[in-house]
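Visitor: Sharing a structure below in structure tokens format, with a few things to ask.
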Amino acid sequence: MKKLNVGVLLIQFLGMIFLINGIFQLRLYTVADKVLCIKDQFQFQKSENWDSLFPTNDDVTNFWPSVYIWIFFALLIGIFYVTFLNWKSKLSSINTILLAIALYILLRLKFFRKEIFSHFFRPIRVLLSDDFGTQCLIEGVIFTLIGFSIIYFSVNSKLFNFKKEEIEN
């Protein structure tokens with residue numbers, strides 16, 4: 001086992017933020033009509049589609065937890081992926097533990113629920129489409145792929161491979 005590698009840890013942290021946001025945006029895509037209905041209902045007091053999308057009061061109270069649980073699922077998927085890659089690359093397990101702790105802190109601070117990271121990319125997403133569902137789909141696919149790629153290249157790149165290469169004369 002190698003020692004703690006801070007460079008890999010920071011890159012994996014960034015990759016996990018992309019991955020979690022991407023999976024969360026994909027989940028929002030699947031329920032985009034309900035999200036828009038809730039926003040319209042609370043802002044303008046319209047109830048045109050409310051009864052068809054939320055037939056009972058339990059559907060309303062269970063809606064947001066059923067969406068937000070995907071942030072936790074994305075966190076688990078990412079941690080398993082990072083653990084596998086770190087194990088395969090023989091990196092210290094402390095990298096994975098520190099990453100999980102840092103992401104748990106972000107999770108507790110509601111970083112992902114408030115879509116803080118997505119706000120930076122909102123102008124690009126609005127340029128690509130006017131439909132909320134399509135925006136979530138585009139952002140979700142792109143963020144998920146970027147997240148998986150960053151995490152993969154964090155352990156498979158020569159940038160953080162601090163091995164000394166022997167030069168043959």
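Labels used: A, B, ... for chains in the order of the structure tokens, numbers from 1 for residues in each chain, and numbers from 1 for ligands as shown.
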Report as a Markdown table the residues of range 84-162 of chain A within 9 Å of range 1-22 of chain A, each with its shortest atom pair and distance in Å (one decimal), using only C-alpha atoms, ordered by chain and increasing residue number.

Guide:
| residue | atom | partner | partner_atom | distance |
| --- | --- | --- | --- | --- |
| A:Trp87 | CA | A:Met1 | CA | 8.9 |
| A:Lys90 | CA | A:Met1 | CA | 5.4 |
| A:Leu91 | CA | A:Lys2 | CA | 5.2 |
| A:Ser92 | CA | A:Lys2 | CA | 5.5 |
| A:Ser93 | CA | A:Leu4 | CA | 8.2 |
| A:Ile94 | CA | A:Leu4 | CA | 6.5 |
| A:Asn95 | CA | A:Leu9 | CA | 5.9 |
| A:Thr96 | CA | A:Leu9 | CA | 7.9 |
| A:Leu98 | CA | A:Leu9 | CA | 8.0 |
| A:Leu99 | CA | A:Phe13 | CA | 6.3 |
| A:Ala100 | CA | A:Phe13 | CA | 9.0 |
| A:Ala102 | CA | A:Phe13 | CA | 8.1 |
| A:Leu103 | CA | A:Phe13 | CA | 7.7 |
| A:Phe112 | CA | A:Asn21 | CA | 6.6 |
| A:Glu115 | CA | A:Asn21 | CA | 7.6 |
| A:Phe117 | CA | A:Asn21 | CA | 7.6 |
| A:Ser118 | CA | A:Asn21 | CA | 7.3 |
| A:Cys136 | CA | A:Gly22 | CA | 8.7 |
| A:Leu137 | CA | A:Gly22 | CA | 8.9 |
| A:Glu139 | CA | A:Gly22 | CA | 6.6 |
| A:Gly140 | CA | A:Gly22 | CA | 3.9 |
| A:Val141 | CA | A:Gly22 | CA | 6.3 |
| A:Ile142 | CA | A:Gly22 | CA | 7.1 |
| A:Phe143 | CA | A:Gly22 | CA | 4.4 |
| A:Thr144 | CA | A:Gly22 | CA | 4.4 |
| A:Leu145 | CA | A:Leu19 | CA | 7.4 |
| A:Ile146 | CA | A:Phe18 | CA | 6.6 |
| A:Gly147 | CA | A:Gly15 | CA | 4.2 |
| A:Phe148 | CA | A:Leu19 | CA | 6.4 |
| A:Ser149 | CA | A:Gly15 | CA | 7.6 |
| A:Ile150 | CA | A:Gly15 | CA | 5.0 |
| A:Ile151 | CA | A:Gln12 | CA | 5.0 |
| A:Tyr152 | CA | A:Gln12 | CA | 8.5 |
| A:Phe153 | CA | A:Ile11 | CA | 8.9 |
| A:Ser154 | CA | A:Val8 | CA | 5.5 |
| A:Val155 | CA | A:Val8 | CA | 6.7 |
| A:Phe160 | CA | A:Val8 | CA | 6.6 |

Visitor: Write the selection just made, keeping C-alpha atoms, as a PDB file, in the first residue's frame?

Guide:
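Okay, selection10.pdb is ready:
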ATOM      1  CA  TRP A  87      -7.636  -0.833  -4.460  1.00  0.00           C
ATOM      2  CA  LYS A  90      -2.843   0.058  -4.588  1.00  0.00           C
ATOM      3  CA  LEU A  91      -3.548   3.454  -3.082  1.00  0.00           C
ATOM      4  CA  SER A  92      -4.101   3.817   0.634  1.00  0.00           C
ATOM      5  CA  SER A  93      -7.572   3.143   1.939  1.00  0.00           C
ATOM      6  CA  ILE A  94      -7.243   6.371   3.898  1.00  0.00           C
ATOM      7  CA  ASN A  95      -7.831   8.214   0.597  1.00  0.00           C
ATOM      8  CA  THR A  96     -11.261   6.612   0.324  1.00  0.00           C
ATOM      9  CA  LEU A  98     -11.179  10.880   3.844  1.00  0.00           C
ATOM     10  CA  LEU A  99     -13.130  11.286   0.615  1.00  0.00           C
ATOM     11  CA  ALA A 100     -16.208   9.674   2.156  1.00  0.00           C
ATOM     12  CA  ALA A 102     -15.607  15.079   3.141  1.00  0.00           C
ATOM     13  CA  LEU A 103     -18.569  14.126   0.958  1.00  0.00           C
ATOM     14  CA  PHE A 112     -26.193  18.791  -3.337  1.00  0.00           C
ATOM     15  CA  GLU A 115     -27.751  22.482  -6.358  1.00  0.00           C
ATOM     16  CA  PHE A 117     -22.564  23.322  -8.041  1.00  0.00           C
ATOM     17  CA  SER A 118     -25.202  23.301 -10.783  1.00  0.00           C
ATOM     18  CA  CYS A 136     -31.681  18.164 -16.431  1.00  0.00           C
ATOM     19  CA  LEU A 137     -31.051  15.326 -18.882  1.00  0.00           C
ATOM     20  CA  GLU A 139     -26.603  18.306 -17.431  1.00  0.00           C
ATOM     21  CA  GLY A 140     -27.057  14.898 -15.799  1.00  0.00           C
ATOM     22  CA  VAL A 141     -25.461  12.924 -18.613  1.00  0.00           C
ATOM     23  CA  ILE A 142     -22.563  15.355 -19.028  1.00  0.00           C
ATOM     24  CA  PHE A 143     -21.872  15.641 -15.282  1.00  0.00           C
ATOM     25  CA  THR A 144     -22.069  11.870 -14.746  1.00  0.00           C
ATOM     26  CA  LEU A 145     -19.651  11.156 -17.590  1.00  0.00           C
ATOM     27  CA  ILE A 146     -17.269  13.905 -16.439  1.00  0.00           C
ATOM     28  CA  GLY A 147     -17.424  12.570 -12.873  1.00  0.00           C
ATOM     29  CA  PHE A 148     -16.651   8.985 -13.856  1.00  0.00           C
ATOM     30  CA  SER A 149     -13.855  10.176 -16.172  1.00  0.00           C
ATOM     31  CA  ILE A 150     -12.217  12.422 -13.576  1.00  0.00           C
ATOM     32  CA  ILE A 151     -12.276   9.662 -10.978  1.00  0.00           C
ATOM     33  CA  TYR A 152     -10.892   7.124 -13.451  1.00  0.00           C
ATOM     34  CA  PHE A 153      -8.074   9.384 -14.647  1.00  0.00           C
ATOM     35  CA  SER A 154      -7.198  10.396 -11.083  1.00  0.00           C
ATOM     36  CA  VAL A 155      -5.665   6.964 -10.500  1.00  0.00           C
ATOM     37  CA  PHE A 160      -0.168  11.789  -9.979  1.00  0.00           C
TER      38      PHE A 160
END

Visitor: From the set A:Ile138, A:Leu36, A:Ala74, A:Leu128, which residue has the shortest atom-to-atom contact distance to Leu107 in chain A, counting only C-alpha atoms?

Guide: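 With only C-alpha atoms as the atom set, the closest residue is A:Ala74.
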
Visitor: As number ranges by chain, please: every residue in range 12-157 of chain A that DSSP puts in helix (DSSP H, G or I).

Guide: A: 12-30, 32-44, 50-53, 57-88, 93-108, 116-119, 122-128, 132-156
